[in-house]
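Structure file model.cif (mmCIF, C-alpha atoms) is printed below.
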```cif
data_final
loop_
_atom_site.label_atom_id
_atom_site.label_comp_id
_atom_site.auth_asym_id
_atom_site.auth_seq_id
_atom_site.Cartn_x
_atom_site.Cartn_y
_atom_site.Cartn_z
CA MET A 26 117.06 28.80 -168.25
CA ILE A 27 117.70 28.31 -164.53
CA GLU A 28 116.57 25.09 -162.92
CA LEU A 29 115.80 25.80 -159.29
CA CYS A 30 116.49 22.53 -157.49
CA ALA A 31 115.53 21.26 -154.07
CA PRO A 32 118.46 21.77 -151.66
CA MET A 33 117.35 18.78 -149.62
CA ALA A 34 114.70 16.05 -149.64
CA GLY A 35 111.36 17.08 -148.23
CA ASN A 36 107.79 18.05 -149.05
CA VAL A 37 106.67 21.06 -151.06
CA TRP A 38 104.70 23.09 -148.58
CA LYS A 39 104.02 26.37 -150.35
CA ILE A 40 104.72 27.69 -153.82
CA GLN A 41 105.07 31.45 -153.57
CA CYS A 42 104.90 32.29 -157.28
CA ASN A 43 103.00 31.63 -160.48
CA PRO A 44 104.23 31.16 -164.06
CA GLY A 45 104.82 34.58 -165.55
CA ASP A 46 105.70 36.26 -162.22
CA ARG A 47 108.81 38.35 -162.09
CA VAL A 48 111.11 37.35 -159.21
CA THR A 49 114.10 39.14 -157.71
CA GLU A 50 117.33 37.60 -156.53
CA ASN A 51 116.93 35.88 -153.17
CA GLU A 52 113.16 36.08 -153.28
CA PRO A 53 111.69 32.97 -151.59
CA VAL A 54 110.04 31.06 -154.42
CA VAL A 55 109.19 27.72 -152.80
CA ILE A 56 108.89 26.72 -149.16
CA LEU A 57 109.77 23.12 -148.37
CA GLU A 58 108.82 21.29 -145.22
CA VAL A 59 111.54 18.99 -143.89
CA MET A 60 111.06 17.26 -140.56
CA LYS A 61 108.37 19.72 -139.53
CA MET A 62 110.63 22.65 -140.28
CA GLU A 63 110.11 25.27 -143.00
CA ALA A 64 112.97 25.80 -145.41
CA GLU A 65 112.73 28.58 -147.99
CA VAL A 66 114.26 28.07 -151.41
CA PHE A 67 115.39 31.33 -153.01
CA ALA A 68 115.62 32.48 -156.62
CA PRO A 69 119.32 32.58 -157.50
CA ALA A 70 118.98 35.52 -159.88
CA PRO A 71 116.32 37.96 -161.08
CA GLY A 72 114.05 36.57 -163.78
CA VAL A 73 110.62 35.39 -164.84
CA VAL A 74 109.04 32.15 -163.64
CA LYS A 75 108.53 29.95 -166.69
CA ASP A 76 107.24 26.64 -165.30
CA LEU A 77 106.34 25.00 -162.02
CA ARG A 78 107.56 21.40 -161.99
CA VAL A 79 106.01 20.52 -158.62
CA LYS A 80 102.77 21.28 -156.81
CA GLU A 81 102.05 21.82 -153.14
CA GLY A 82 102.14 18.55 -151.23
CA ASP A 83 104.61 16.78 -153.53
CA ALA A 84 107.50 14.92 -151.97
CA VAL A 85 110.84 15.85 -153.53
CA ASP A 86 114.37 14.47 -153.33
CA GLU A 87 117.55 16.50 -153.14
CA ASP A 88 118.27 18.07 -156.58
CA ASP A 89 114.77 17.53 -157.95
CA VAL A 90 113.80 20.44 -160.17
CA LEU A 91 111.18 22.64 -158.54
CA VAL A 92 110.80 25.69 -160.76
CA LEU A 93 112.18 26.91 -164.11
CA ILE A 94 113.21 30.56 -164.19
CA GLU A 95 114.16 32.55 -167.29
CA PRO A 96 116.93 34.92 -166.16
CA GLU A 97 116.83 38.58 -167.17
CA MET B 17 68.51 5.66 -87.10
CA THR B 18 69.69 9.23 -87.54
CA GLN B 19 72.59 8.59 -85.17
CA GLU B 20 73.79 5.69 -87.32
CA LEU B 21 73.39 7.77 -90.45
CA LEU B 22 75.44 10.59 -88.94
CA ALA B 23 78.06 8.13 -87.74
CA SER B 24 78.36 6.68 -91.26
CA LEU B 25 78.68 10.11 -92.79
CA GLY B 26 81.31 11.00 -90.24
CA GLY B 27 83.21 7.81 -91.06
CA LEU B 28 83.03 8.62 -94.76
CA ALA B 29 84.41 12.09 -94.12
CA ALA B 30 87.22 10.77 -91.95
CA ARG B 31 88.24 8.35 -94.69
CA SER B 32 88.05 10.93 -97.43
CA GLY B 33 91.19 12.29 -98.90
CA PHE B 34 90.23 15.87 -98.08
CA THR B 35 91.05 15.42 -94.39
CA HIS B 36 94.48 14.01 -95.20
CA VAL B 37 95.77 16.64 -97.59
CA THR B 38 99.11 18.08 -96.56
CA TRP B 39 100.90 21.15 -97.82
CA GLY B 40 103.27 18.80 -99.64
CA HIS B 41 100.40 17.44 -101.68
CA GLY B 42 99.27 20.96 -102.50
CA VAL B 43 102.70 21.90 -103.79
CA MET B 44 102.83 18.81 -106.00
CA TRP B 45 99.40 19.70 -107.42
CA LEU B 46 100.87 23.06 -108.38
CA VAL B 47 103.84 21.28 -109.95
CA ALA B 48 101.43 19.11 -111.92
CA ALA B 49 99.50 22.19 -113.02
CA GLY B 50 102.74 23.84 -114.07
CA LEU B 51 103.79 20.84 -116.13
CA MET B 52 100.35 20.72 -117.72
CA TYR B 53 100.69 24.37 -118.64
CA LEU B 54 104.10 23.77 -120.19
CA ALA B 55 102.78 20.80 -122.13
CA VAL B 56 99.44 22.14 -123.33
CA VAL B 57 99.98 25.89 -123.67
CA ARG B 58 103.70 26.17 -124.40
CA LYS B 59 103.76 22.79 -126.21
CA PHE B 60 106.91 21.61 -124.38
CA GLU B 61 107.26 17.93 -125.32
CA PRO B 62 103.54 17.35 -124.70
CA LEU B 63 103.73 13.64 -125.56
CA LEU B 64 105.70 13.08 -122.36
CA LEU B 65 105.02 16.04 -120.13
CA LEU B 66 101.23 15.69 -120.24
CA PRO B 67 101.12 12.09 -118.98
CA ILE B 68 103.89 12.94 -116.53
CA ALA B 69 101.86 15.86 -115.21
CA PHE B 70 98.88 13.57 -114.84
CA GLY B 71 100.97 11.00 -112.97
CA VAL B 72 102.27 13.68 -110.59
CA LEU B 73 98.74 14.86 -109.85
CA VAL B 74 97.01 11.56 -109.16
CA ALA B 75 99.95 10.01 -107.32
CA ASN B 76 99.76 12.88 -104.86
CA LEU B 77 96.14 12.35 -103.92
CA PRO B 78 96.06 11.14 -100.30
CA LEU B 79 94.51 7.76 -99.58
CA ALA B 80 93.93 7.06 -103.28
CA GLY B 81 96.76 4.56 -103.03
CA LEU B 82 97.57 4.65 -106.73
CA MET B 83 101.23 4.15 -105.90
CA GLU B 84 100.61 1.70 -103.07
CA PRO B 85 103.20 -1.08 -103.49
CA ASN B 86 101.69 -4.27 -104.87
CA GLU B 87 98.21 -2.77 -105.06
CA GLY B 88 98.17 0.63 -106.67
CA LEU B 89 97.28 0.89 -110.36
CA LEU B 90 100.09 3.29 -111.14
CA TRP B 91 102.49 1.29 -109.00
CA ARG B 92 101.77 -1.68 -111.25
CA PHE B 93 102.51 0.34 -114.40
CA TYR B 94 105.72 1.57 -112.78
CA HIS B 95 106.77 -1.80 -111.40
CA TYR B 96 106.09 -3.97 -114.42
CA GLY B 97 106.95 -1.32 -116.98
CA ILE B 98 109.94 0.48 -115.59
CA GLN B 99 111.35 -1.49 -112.67
CA TRP B 100 111.23 -4.59 -114.81
CA GLU B 101 112.99 -2.58 -117.54
CA VAL B 102 110.45 -3.34 -120.24
CA ILE B 103 109.22 0.09 -121.31
CA PRO B 104 112.47 1.96 -122.09
CA PRO B 105 113.75 -0.81 -124.40
CA LEU B 106 110.38 -0.82 -126.18
CA ILE B 107 110.68 2.92 -126.69
CA PHE B 108 114.03 2.23 -128.31
CA LEU B 109 112.35 -0.32 -130.58
CA GLY B 110 110.15 2.49 -131.80
CA LEU B 111 113.02 4.97 -132.08
CA GLY B 112 115.08 2.50 -134.09
CA ALA B 113 112.18 2.12 -136.50
CA LEU B 114 112.05 5.91 -136.91
CA THR B 115 115.77 6.49 -137.34
CA ASP B 116 117.44 6.98 -140.71
CA PHE B 117 121.17 6.36 -140.50
CA GLY B 118 121.69 7.63 -144.06
CA PRO B 119 122.99 11.10 -143.11
CA LEU B 120 125.46 9.56 -140.66
CA LEU B 121 126.63 6.80 -143.01
CA SER B 122 127.20 9.24 -145.86
CA GLN B 123 129.70 11.16 -143.74
CA PRO B 124 130.95 8.83 -140.99
CA LYS B 125 133.39 11.29 -139.44
CA LEU B 126 130.38 13.11 -138.03
CA ILE B 127 130.23 10.35 -135.47
CA PHE B 128 132.95 12.20 -133.58
CA LEU B 129 130.58 15.14 -133.14
CA GLY B 130 128.06 12.82 -131.52
CA ALA B 131 130.80 11.53 -129.27
CA GLY B 132 132.13 15.01 -128.53
CA ALA B 133 128.80 16.26 -127.32
CA GLN B 134 128.76 13.51 -124.68
CA VAL B 135 131.68 15.20 -122.92
CA GLY B 136 129.08 17.39 -121.22
CA VAL B 137 127.59 14.26 -119.68
CA TYR B 138 130.87 13.31 -118.02
CA ILE B 139 131.72 16.85 -116.91
CA THR B 140 128.28 17.20 -115.32
CA PHE B 141 128.79 13.84 -113.63
CA PHE B 142 131.98 15.12 -112.00
CA CYS B 143 130.37 18.41 -110.99
CA ALA B 144 127.40 16.60 -109.47
CA TYR B 145 129.73 14.31 -107.53
CA LEU B 146 131.73 17.29 -106.27
CA MET B 147 128.50 18.93 -105.18
CA GLY B 148 127.72 16.04 -102.90
CA PHE B 149 125.56 13.64 -104.90
CA ASP B 150 126.65 10.02 -104.68
CA LEU B 151 128.15 8.30 -107.72
CA LYS B 152 124.93 6.75 -108.97
CA GLU B 153 122.96 9.95 -108.60
CA ALA B 154 125.74 11.95 -110.21
CA GLY B 155 125.75 9.63 -113.21
CA THR B 156 121.99 9.94 -113.56
CA ILE B 157 122.21 13.72 -113.42
CA GLY B 158 125.02 13.69 -115.95
CA ILE B 159 123.05 11.66 -118.49
CA ILE B 160 120.50 14.48 -118.66
CA GLY B 161 123.09 16.20 -120.86
CA GLY B 162 122.65 13.41 -123.39
CA ALA B 163 119.22 14.89 -124.12
CA ASP B 164 117.69 11.47 -124.51
CA GLY B 165 114.52 10.87 -122.49
CA PRO B 166 114.30 7.06 -122.56
CA THR B 167 118.00 6.61 -121.80
CA THR B 168 117.75 9.02 -118.89
CA ILE B 169 114.71 7.18 -117.55
CA TYR B 170 116.37 3.79 -118.02
CA LEU B 171 119.53 4.84 -116.21
CA ALA B 172 117.61 6.50 -113.39
CA SER B 173 115.41 3.44 -112.89
CA ARG B 174 118.54 1.30 -112.59
CA MET B 175 120.82 3.60 -110.59
CA ALA B 176 118.78 6.25 -108.79
CA PRO B 177 115.05 5.54 -108.87
CA GLN B 178 114.43 8.12 -106.18
CA MET B 179 115.35 10.79 -108.74
CA LEU B 180 113.48 9.29 -111.69
CA GLY B 181 110.71 11.85 -111.92
CA THR B 182 113.02 14.79 -111.32
CA VAL B 183 115.60 13.91 -113.95
CA ALA B 184 112.91 12.99 -116.47
CA VAL B 185 111.12 16.31 -116.07
CA ALA B 186 114.44 18.14 -116.28
CA ALA B 187 115.49 16.22 -119.38
CA TYR B 188 112.23 16.74 -121.28
CA SER B 189 111.92 20.38 -120.27
CA TYR B 190 115.41 21.21 -121.45
CA MET B 191 114.91 19.24 -124.66
CA ALA B 192 111.94 21.46 -125.39
CA MET B 193 114.06 24.51 -124.62
CA VAL B 194 116.89 23.51 -126.94
CA PRO B 195 115.99 26.36 -129.35
CA LEU B 196 116.57 28.75 -126.45
CA ILE B 197 119.56 27.10 -124.81
CA GLN B 198 121.75 26.21 -127.77
CA PRO B 199 121.97 29.26 -130.06
CA PRO B 200 123.74 31.58 -127.59
CA VAL B 201 126.33 28.90 -126.85
CA MET B 202 126.79 28.16 -130.52
CA LYS B 203 127.23 31.81 -131.46
CA LEU B 204 129.63 32.44 -128.58
CA LEU B 205 132.00 29.72 -129.72
CA THR B 206 131.95 30.29 -133.49
CA THR B 207 132.78 33.13 -135.82
CA GLU B 208 130.36 34.36 -138.47
CA ALA B 209 132.70 32.96 -141.12
CA GLU B 210 132.69 29.54 -139.50
CA ARG B 211 128.90 29.54 -139.33
CA ARG B 212 128.79 30.19 -143.09
CA ILE B 213 130.80 27.11 -144.01
CA ARG B 214 128.96 25.09 -146.64
CA MET B 215 129.11 21.34 -146.37
CA LYS B 216 130.35 19.33 -149.33
CA ARG B 217 128.01 16.96 -151.06
CA THR B 218 128.26 13.59 -149.40
CA ARG B 219 128.17 10.19 -151.02
CA LYS B 220 124.98 8.29 -151.66
CA VAL B 221 124.42 5.47 -149.22
CA HIS B 222 123.68 2.02 -150.63
CA PRO B 223 120.54 0.41 -149.19
CA ALA B 224 122.58 -2.64 -148.20
CA GLU B 225 124.74 -0.46 -145.96
CA LYS B 226 121.65 0.67 -144.12
CA VAL B 227 120.75 -2.94 -143.34
CA ILE B 228 124.23 -4.10 -142.41
CA PHE B 229 125.08 -1.08 -140.27
CA PRO B 230 122.44 -1.54 -137.53
CA VAL B 231 123.36 -5.18 -137.10
CA VAL B 232 127.15 -4.81 -137.14
CA GLY B 233 127.17 -1.53 -135.25
CA SER B 234 124.88 -2.81 -132.53
CA LEU B 235 126.88 -6.02 -132.13
CA MET B 236 130.03 -3.99 -131.65
CA VAL B 237 128.43 -1.71 -129.10
CA ILE B 238 126.89 -4.59 -127.17
CA LEU B 239 130.18 -6.48 -127.09
CA LEU B 240 132.02 -3.33 -126.02
CA VAL B 241 129.52 -2.22 -123.39
CA PRO B 242 127.30 -5.19 -122.52
CA ALA B 243 125.25 -3.11 -120.09
CA SER B 244 123.83 -1.21 -123.07
CA ALA B 245 122.37 -4.41 -124.53
CA PRO B 246 118.67 -4.01 -123.66
CA LEU B 247 118.42 -0.60 -125.28
CA MET B 248 120.86 -1.23 -128.11
CA ALA B 249 119.38 -4.56 -129.16
CA MET B 250 115.86 -3.13 -129.41
CA PHE B 251 117.14 -0.09 -131.28
CA MET B 252 118.87 -2.41 -133.73
CA LEU B 253 115.73 -4.48 -134.26
CA GLY B 254 113.61 -1.43 -134.97
CA ASN B 255 116.15 -0.11 -137.45
CA LEU B 256 116.48 -3.52 -139.09
CA PHE B 257 112.71 -3.69 -139.53
CA ARG B 258 112.77 -0.29 -141.18
CA GLU B 259 115.74 -0.76 -143.49
CA SER B 260 114.92 -4.32 -144.58
CA LYS B 261 111.82 -2.85 -146.26
CA VAL B 262 110.10 -6.23 -146.09
CA VAL B 263 108.14 -5.82 -142.85
CA ASP B 264 106.42 -2.50 -143.39
CA ARG B 265 103.50 -3.55 -141.18
CA LEU B 266 105.85 -4.22 -138.27
CA THR B 267 107.82 -1.06 -138.92
CA GLY B 268 104.61 0.94 -139.00
CA THR B 269 103.46 -0.53 -135.73
CA CYS B 270 106.81 0.16 -134.05
CA GLN B 271 106.84 3.75 -135.30
CA ASN B 272 103.23 4.51 -134.38
CA GLU B 273 100.99 2.30 -132.29
CA LEU B 274 103.71 0.64 -130.22
CA LEU B 275 105.61 3.84 -129.59
CA ASN B 276 102.45 5.72 -128.65
CA ILE B 277 101.23 3.01 -126.28
CA VAL B 278 104.55 2.69 -124.51
CA THR B 279 104.92 6.47 -124.33
CA ILE B 280 101.61 6.71 -122.49
CA PHE B 281 102.67 4.19 -119.86
CA LEU B 282 106.13 5.69 -119.59
CA GLY B 283 104.81 9.16 -118.91
CA ILE B 284 102.21 8.06 -116.37
CA SER B 285 104.67 5.84 -114.50
CA VAL B 286 107.44 8.42 -114.39
CA GLY B 287 105.09 11.14 -113.17
CA ALA B 288 103.63 8.85 -110.55
CA THR B 289 107.02 8.44 -108.90
CA MET B 290 107.15 12.15 -108.11
CA SER B 291 105.69 12.05 -104.63
CA ALA B 292 105.97 15.04 -102.35
CA GLU B 293 108.54 13.16 -100.27
CA SER B 294 110.83 12.47 -103.20
CA PHE B 295 110.50 15.80 -104.99
CA LEU B 296 110.38 18.50 -102.34
CA HIS B 297 114.05 18.71 -101.46
CA ALA B 298 116.50 21.53 -101.98
CA ARG B 299 118.68 19.13 -103.94
CA VAL B 300 116.04 19.04 -106.70
CA ILE B 301 116.96 22.62 -107.57
CA PHE B 302 120.58 21.54 -107.96
CA VAL B 303 119.50 18.71 -110.25
CA PHE B 304 117.73 21.21 -112.50
CA LEU B 305 120.72 23.58 -112.45
CA LEU B 306 123.17 20.79 -113.21
CA GLY B 307 120.87 19.51 -115.95
CA LEU B 308 120.82 22.89 -117.61
CA GLY B 309 124.60 23.06 -117.27
CA ALA B 310 124.82 19.63 -118.88
CA PHE B 311 122.96 20.85 -121.97
CA VAL B 312 125.13 23.94 -122.22
CA VAL B 313 128.41 22.07 -121.82
CA SER B 314 127.35 19.31 -124.24
CA THR B 315 126.50 21.91 -126.89
CA ALA B 316 129.82 23.61 -126.28
CA SER B 317 131.86 20.41 -126.38
CA GLY B 318 130.18 19.32 -129.62
CA VAL B 319 130.97 22.63 -131.30
CA LEU B 320 134.54 22.63 -129.97
CA ILE B 321 135.19 19.08 -131.19
CA ALA B 322 134.05 20.20 -134.64
CA LYS B 323 136.46 23.13 -134.54
CA LEU B 324 139.23 20.75 -133.46
CA MET B 325 138.46 18.49 -136.39
CA ASN B 326 138.72 21.49 -138.67
CA LEU B 327 142.24 22.15 -137.42
CA LEU B 328 143.27 18.59 -138.26
CA SER B 329 141.62 18.16 -141.63
CA ARG B 330 141.51 20.01 -144.92
CA ASP B 331 137.78 19.35 -145.45
CA LYS B 332 136.12 21.87 -143.20
CA ILE B 333 132.89 21.01 -141.46
CA ASN B 334 130.57 23.68 -140.22
CA PRO B 335 131.22 23.73 -136.45
CA LEU B 336 127.54 24.40 -135.77
CA LEU B 337 126.97 20.73 -136.59
CA GLY B 338 128.64 19.88 -133.29
CA ALA B 339 125.63 21.23 -131.44
CA ALA B 340 123.50 18.59 -133.14
CA GLY B 341 125.48 15.99 -131.23
CA VAL B 342 123.16 16.82 -128.35
CA SER B 343 120.70 14.09 -129.20
CA ALA B 344 117.40 15.92 -128.98
CA VAL B 345 116.19 14.47 -132.29
CA PRO B 346 115.45 16.34 -134.48
CA MET B 347 115.19 19.57 -132.51
CA ALA B 348 118.91 20.14 -132.21
CA ALA B 349 119.33 19.52 -135.95
CA ARG B 350 116.64 22.10 -136.66
CA VAL B 351 118.37 24.60 -134.36
CA VAL B 352 121.65 24.04 -136.19
CA HIS B 353 119.91 24.68 -139.51
CA LYS B 354 118.27 27.87 -138.27
CA VAL B 355 121.47 29.33 -136.80
CA GLY B 356 123.29 28.43 -140.02
CA ALA B 357 120.55 30.02 -142.13
CA GLU B 358 120.87 33.23 -140.10
CA ALA B 359 124.46 33.51 -141.23
CA ASP B 360 123.81 32.39 -144.82
CA ARG B 361 120.26 31.84 -145.98
CA HIS B 362 121.42 29.54 -148.77
CA ASN B 363 123.04 27.14 -146.33
CA TYR B 364 120.84 24.10 -145.75
CA LEU B 365 122.41 22.32 -142.82
CA LEU B 366 119.44 20.25 -141.63
CA MET B 367 120.26 16.91 -143.25
CA TYR B 368 123.96 17.24 -142.46
CA ALA B 369 123.00 17.94 -138.84
CA MET B 370 120.97 14.73 -138.65
CA GLY B 371 124.21 12.74 -138.83
CA PRO B 372 125.63 13.94 -135.50
CA ASN B 373 122.12 14.08 -134.06
CA ILE B 374 121.67 10.33 -134.56
CA ALA B 375 125.26 9.63 -133.55
CA GLY B 376 124.49 11.45 -130.31
CA VAL B 377 121.71 8.98 -129.51
CA LEU B 378 124.22 6.14 -129.75
CA GLY B 379 126.77 8.17 -127.80
CA THR B 380 124.34 8.76 -124.94
CA LEU B 381 123.37 5.08 -124.97
CA ILE B 382 127.02 4.10 -124.67
CA ALA B 383 127.59 6.65 -121.90
CA ALA B 384 124.67 5.14 -119.98
CA GLY B 385 126.16 1.69 -120.48
CA VAL B 386 129.51 2.93 -119.20
CA PHE B 387 127.91 4.43 -116.10
CA LEU B 388 126.00 1.23 -115.43
CA THR B 389 129.14 -0.84 -115.79
CA LEU B 390 131.35 1.32 -113.60
CA LEU B 391 128.87 2.67 -111.07
CA GLY B 392 125.83 0.42 -111.11
#
```
As structure tokens - that is how I would like this structure written.
Amino acid sequence: MIELCAPMAGNVWKIQCNPGDRVTENEPVVILEVMKMEAEVFAPAPGVVKDLRVKEGDAVDEDDVLVLIEPE
Amino acid sequence: MTQELLASLGGLAARSGFTHVTWGHGVMWLVAAGLMYLAVVRKFEPLLLLPIAFGVLVANLPLAGLMEPNEGLLWRFYHYGIQWEVIPPLIFLGLGALTDFGPLLSQPKLIFLGAGAQVGVYITFFCAYLMGFDLKEAGTIGIIGGADGPTTIYLASRMAPQMLGTVAVAAYSYMAMVPLIQPPVMKLLTTEAERRIRMKRTRKVHPAEKVIFPVVGSLMVILLVPASAPLMAMFMLGNLFRESKVVDRLTGTCQNELLNIVTIFLGISVGATMSAESFLHARVIFVFLLGLGAFVVSTASGVLIAKLMNLLSRDKINPLLGAAGVSAVPMAARVVHKVGAEADRHNYLLMYAMGPNIAGVLGTLIAAGVFLTLLG
């Protein structure tokens, strides 16, 4: 199981996937907003989204788990 | 009866502003319209450029007397707010309350990037002097390269008030254009491989450090460069409010209501100084050119200092971070992040870039203090 973590502290702006979706490597899965700037967080490997640990609008710290992905 | 009525009407017309409009006024109205366009449509620093545009417009209305010494409304804002040096320090109170020194404290060597970017300020100062501006004006033009609005305004009000409006408009316009100005310079001076450098995880900063640092750091700066005291002391107070975490009401006021109120008066007053007489000179074009040069050279010197540091140390820093030493907070940091992400989408440079970005604010403050001490 891959834990996709926040690369920096910020706010979850958009979640681009749902549990059960198949994602490819480098597909933007979550978009954070940090200091009024969008920062995409990418899936590190192809897999299936298992669980969303945050919802849109949440504030996250660096290394907080955002999404769980089951690698293929 | 009718004769008296006609005479009164004639008197009214003669005293109306319409009969006293000069071409100079007309040009300044166009300048005001241009600034309003930049602020409202292109969203260039609207918080400052809109009130500035307004100030330019109404100060250039003949006979309105808004800038009449001792009587005009805008003159009073300018005199008591800026000439008495009250408003710029209050802006710094607000900025201190907004600033998080965490990214800088977790990697202190980034302070050299903030210092390095100030080199552009000094180079521009020399170029301006060589081009014929006197020392005080040259220093004021140079500080545009520090990309710090309140510091620029403070220095201009002390050293070259006749250029206040010009340098302020130049500074804020170029700050808004940082996403256009910086990337070409950054890409010219770095290789793709250098732009891909990932920064190492930095240490966690203890909350106590964030309280001690503003006090100790500010004391050192004020003792070193006493002329920086008004701005530095207020910056320290704002930061102390924020990091103490026990005066959230005060911190909130400094960050919001206070900063907004003072920004309004700052913009109006600065714009109101731009009369046709002070603005419509050929030298104004040189100020804008030198100001642009200042931004370019500051970006370059920041990046080059970073590359120099990489030669001397085993821990490599991404040289793009040097561009964040140009203290347009947080625009320059965002630009650094974007240029880094173009080279490697998994590289998240934003928070690392905030370190030199904040250091640059202090660097510009110190540079202004140095200019005041040596030239003022």
For chain B against chain A, with a cut-off of 12 Å and counting only C-alpha atoms, what is the closest atom pair and its distance in Å to one decimal for every residue that makes the cut, ordered by chain and number, as JSON lines?
```
{"residue": "B:Leu114", "atom": "CA", "partner": "A:Met60", "partner_atom": "CA", "distance": 12.0}
{"residue": "B:Pro119", "atom": "CA", "partner": "A:Met33", "partner_atom": "CA", "distance": 11.5}
{"residue": "B:Met215", "atom": "CA", "partner": "A:Pro32", "partner_atom": "CA", "distance": 11.9}
{"residue": "B:Arg217", "atom": "CA", "partner": "A:Glu87", "partner_atom": "CA", "distance": 10.7}
{"residue": "B:Thr218", "atom": "CA", "partner": "A:Glu87", "partner_atom": "CA", "distance": 11.7}
{"residue": "B:Lys220", "atom": "CA", "partner": "A:Glu87", "partner_atom": "CA", "distance": 11.2}
{"residue": "B:Val345", "atom": "CA", "partner": "A:Met60", "partner_atom": "CA", "distance": 10.1}
{"residue": "B:Pro346", "atom": "CA", "partner": "A:Met60", "partner_atom": "CA", "distance": 7.6}
{"residue": "B:Met347", "atom": "CA", "partner": "A:Met60", "partner_atom": "CA", "distance": 9.3}
{"residue": "B:Ala348", "atom": "CA", "partner": "A:Met60", "partner_atom": "CA", "distance": 11.8}
{"residue": "B:Ala349", "atom": "CA", "partner": "A:Met60", "partner_atom": "CA", "distance": 9.7}
{"residue": "B:Arg350", "atom": "CA", "partner": "A:Met62", "partner_atom": "CA", "distance": 7.0}
{"residue": "B:Val351", "atom": "CA", "partner": "A:Met62", "partner_atom": "CA", "distance": 9.9}
{"residue": "B:Val352", "atom": "CA", "partner": "A:Met62", "partner_atom": "CA", "distance": 11.8}
{"residue": "B:His353", "atom": "CA", "partner": "A:Ala64", "partner_atom": "CA", "distance": 9.2}
{"residue": "B:Lys354", "atom": "CA", "partner": "A:Ala64", "partner_atom": "CA", "distance": 9.1}
{"residue": "B:Gly356", "atom": "CA", "partner": "A:Ala64", "partner_atom": "CA", "distance": 11.9}
{"residue": "B:Ala357", "atom": "CA", "partner": "A:Ala64", "partner_atom": "CA", "distance": 9.3}
{"residue": "B:Asp360", "atom": "CA", "partner": "A:Asn51", "partner_atom": "CA", "distance": 11.4}
{"residue": "B:Arg361", "atom": "CA", "partner": "A:Glu65", "partner_atom": "CA", "distance": 8.4}
{"residue": "B:His362", "atom": "CA", "partner": "A:Phe67", "partner_atom": "CA", "distance": 7.6}
{"residue": "B:Asn363", "atom": "CA", "partner": "A:Pro32", "partner_atom": "CA", "distance": 8.8}
{"residue": "B:Tyr364", "atom": "CA", "partner": "A:Pro32", "partner_atom": "CA", "distance": 6.8}
{"residue": "B:Leu365", "atom": "CA", "partner": "A:Met33", "partner_atom": "CA", "distance": 9.2}
{"residue": "B:Leu366", "atom": "CA", "partner": "A:Val59", "partner_atom": "CA", "distance": 8.3}
{"residue": "B:Met367", "atom": "CA", "partner": "A:Met33", "partner_atom": "CA", "distance": 7.2}
{"residue": "B:Tyr368", "atom": "CA", "partner": "A:Met33", "partner_atom": "CA", "distance": 9.9}
{"residue": "B:Met370", "atom": "CA", "partner": "A:Met60", "partner_atom": "CA", "distance": 10.4}
```
Once the PyMOL selection byres ((chain B and resi 156) around 8) has been evaluated on this model, what residues remain selected, and can you format them as an MDAnalysis selection string?
chainID B and resid 141 152:155 157:160 168 171:172 175:176 183
Using all atoms listed in the file, the shortest atom-to-atom distance to Pro96 in chain A among A:Val54, A:Val37, A:Cys30, A:Ala70 belongs to A:Ala70
For range 45-59 of chain B, work out the shell of residues within 6 Å, counting all atoms listed in the file and skipping chain neighbours fewer than 5 positions away, then give it as a list of chain:residue names.
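Residues near the query, excluding close chain neighbours: B:Leu65, B:Leu66, B:Ala69, B:Val72, B:Leu73.
Taking CA of Asp164 in chain B as the reference point, CA of Gly268 in chain B is found at 22.2 Å.
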Give me, as number ranges by chain, all polymer residues having an atom no more than 10 Å from Leu29 in chain A, counting all atoms listed in the file and skipping those fewer than 4 positions away in the same chain.
A: 54-55, 66-69, 77-78, 88-94
Please determine, counting all atoms listed in the file, which residue among B:Leu328, B:Leu22, B:Leu320, B:Leu79 has the shortest atom-to-atom distance to Val201 in chain B.
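Of B:Leu328, B:Leu22, B:Leu320, B:Leu79, the one nearest Val201 in chain B, counting all atoms listed in the file, is B:Leu320.
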Would you mind listing what lies within 9 Å of Ala224 in chain B as a PyMOL selection string, with only C-alpha atoms counted and same-chain residues fewer than 5 positions away left out?
chain B and resi 229+259-260
Expanded to explicit residues, what is the PyMOL selection byres ((chain B and resi 182) around 12) for this file, as an NGL selection string?
:B and (47 or 65 or 68-69 or 72 or 153 or 156-157 or 160 or 165 or 168-169 or 172-173 or 176-181 or 183-189 or 286-292 or 294-297 or 299-307)
Could you work out how far CA of Val355 in chain B lies from CA of Met325 in chain B, giving the answer in Å with one decimal?
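Here the two named atoms are 20.2 Å from each other.
Put simply, CA of Ala84 in chain A is 28.1 Å away from CA of Ile333 in chain B.
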Do a neighbour search on Ser314 in chain B at 8 Å with all atoms listed in the file, toss out local chain neighbours closer than 6 positions, and write the hits as an MDAnalysis selection string.
chainID B and resid 132:137 161:162 339 341:342
Output check: residues returned by the PyMOL selection byres ((chain B and resi 31-36) around 8), as a ChimeraX atom specification:
/B:27-30,37-38,77-80
For the residues in the current selection, export C-alpha atoms as an mmCIF file, keeping the file's coordinate frame.
```
data_model
loop_
_atom_site.group_PDB
_atom_site.id
_atom_site.type_symbol
_atom_site.label_atom_id
_atom_site.label_comp_id
_atom_site.auth_asym_id
_atom_site.auth_seq_id
_atom_site.Cartn_x
_atom_site.Cartn_y
_atom_site.Cartn_z
ATOM 1 C CA GLY B 27 83.210 7.810 -91.060
ATOM 2 C CA LEU B 28 83.030 8.620 -94.760
ATOM 3 C CA ALA B 29 84.410 12.090 -94.120
ATOM 4 C CA ALA B 30 87.220 10.770 -91.950
ATOM 5 C CA VAL B 37 95.770 16.640 -97.590
ATOM 6 C CA THR B 38 99.110 18.080 -96.560
ATOM 7 C CA LEU B 77 96.140 12.350 -103.920
ATOM 8 C CA PRO B 78 96.060 11.140 -100.300
ATOM 9 C CA LEU B 79 94.510 7.760 -99.580
ATOM 10 C CA ALA B 80 93.930 7.060 -103.280
#
```
